[in-house]
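Report on the following structure.
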Amino acid sequence: MRDLSTHLDDIRAAFEHQIALYGPFVFPDKVRADLSTEEDSKKVISDSPRVLSLITPPDIYERIEALIPSDSPMHSMTTLQEVADYVANTHLIELDKTRLNPVFGVGNPNADLLVIGEAPGADEDKKGEPFVGSAGQLLTQILSAIGFERSDVYIANILKSRSPGNRDPLPEELKAHIPILHKQIALIKPKLILCVGRTSGTSLLDIDSSLKDMRGIFHDYYGIPVLVTYHPADLLQNPNWKRPTWEDVQLLRNKYDALTA
C-alpha cells in the first residue's frame with residue numbers, strides 16, 4: 001500500500017503540472033517550500049504514471065503510448081488502419097500464425113467510450129471482428145439498454161488472436177499483444193473505458209484482483225476512469241449475474257454523461 005508521503009508527492013506533482021499550463025496558484029508557505037525545483041517537479045511527474053485526473057488528456061495518452069516498447073514500429077503510426085495492417089501482417093506470438101483472422105477492433109475511431117474484452121472466440125476468428133457471436137449480441141443489447149449503439153463506441157480485445165479451445169490467454173501472450181491496445185487507446189483517446197471480464201480488467205490495470213473486488217467502482221488508468229464488469233459470455237452461463245452487470249453499466253452511463261456534458 002502506498003504511504004501518505006507518496007500520495008502527497010503525486011498531489012504536488014499534479015499541481016506543478018497545472019502551474020506550468022495555467023500559471024501559479026497561491027500556496028501556503030509550508031507547501032511552497034516543499035515544491036522543490038522545476039527539475040525535481042518534472043522527475044516526480046515522470047515517476048508517477050497515474051497522477052489521476054489533474055493531468056490533462058494529451059499527457060494521459062502520451063503516457064499510455066510510452067508503455068509501448070521503444071523499438072516498436074507502432075510509435076510512428078498515426079491511424080488505426082496503419083496499426084490494423086501491422087497487426088494483420090505481423091506474428092508476435094504463435095497464435096498469430098494459427099488464427100483465421102486478426103481481431104483488431106471495430107467502431108467509432110473517435111469514441112468517448114472504449115469497450116475491452118479478453119480474446120476472440122471462434123465466431124470472431126472467422127469474421128475478424130470482436131463480439132459477433134452470442135456473447136456479442138448480448139453486449140449489443142447491454143449497450144443499447146444504456147443508450148449506446150455499437151457504432152457509438154469502439155470495441156476491442158486485449159488479445160487479437162484466438163487461443164485454442166478458447167482457453168485463457170497466457171501471460172506471455174498478453175504481454176506481447178497489450179502494446180497494440182495501448183496504441184489503440186492513444187489514437188482513439190477515449191474518456192471512459194469498460195472492461196468486460198476479469199482478464200480484461202487485470203491486464204489493462206496491471207493488477208491481480210478478483211472480478212468481485214474490481215467491479216462496482218471506477219479505477220484510474222492514467223486519468224481515464226475504468227469500470228470492470230462481467231463478460232457477456234459469463235452472463236449467458238450465469239443469468240443471476242445480469243442484475244449486478246446492469247447496476248455496473250448504469251454507473252457507466254452516469255459517468256459518461258458527467259464526462260461528456
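Order determines the names: the first chain of the C-alpha cells is A, the second B, and so forth; residues in each chain are numbered 1 upward, and ligands are numbered 1 upward as they are shown.
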Please provide as a ChimeraX atom specification all residues within 12 Å of Gly147 of chain A, with the sequence filter that same-chain residues fewer than 5 positions apart are discarded (counting only C-alpha atoms).
/A:140-142,152-153,249-250,252-254,256-257
Could you build a table of the residues in segment 108-159 of chain A lying no more than 12 Å from segment 69-88 of chain A, giving for each the nearest pair of atoms and their separation in Å rounded to one decimal place, using only C-alpha atoms, ordered by chain and ascending residue number, as a tab-separated table?
residue	atom	partner	partner_atom	distance
A:Asn108	CA	A:Leu80	CA	10.7
A:Pro109	CA	A:Leu80	CA	7.5
A:Asn110	CA	A:Leu80	CA	10.4
A:Gly128	CA	A:Ala88	CA	10.2
A:Glu129	CA	A:Ala84	CA	11.7
A:Tyr154	CA	A:Leu80	CA	11.4
A:Ala156	CA	A:Ala84	CA	11.6
A:Leu159	CA	A:Val87	CA	11.1
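Distances here use only C-alpha atoms; by that measure, the residue among A:Ile178, A:Leu139, A:Lys97, A:Ser210 closest to Trp246 of chain A is A:Leu139.
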Best match for closeness to His182 of chain A among A:Trp241, A:Tyr221, A:Phe131, A:Tyr230, counting only C-alpha atoms:
A:Tyr221
Would you kindly return, as a list of chain:residue names, each protein, DNA or RNA residue with an atom no farther than 7 Å from any atom of Arg99 of chain A, considering only C-alpha atoms and excluding same-chain residues fewer than 2 positions away?
A:Leu95, A:Asp96, A:Lys97, A:Asn101, A:Pro102, A:Asp125, A:Ser161, A:Arg162
Write out as a PyMOL selection string the set of residues from segment 91-226 of chain A that DSSP, computed on the backbone, places in alpha helix (DSSP H).
chain A and resi 95-98+122-127+134-145+171-188+198-205+211-214
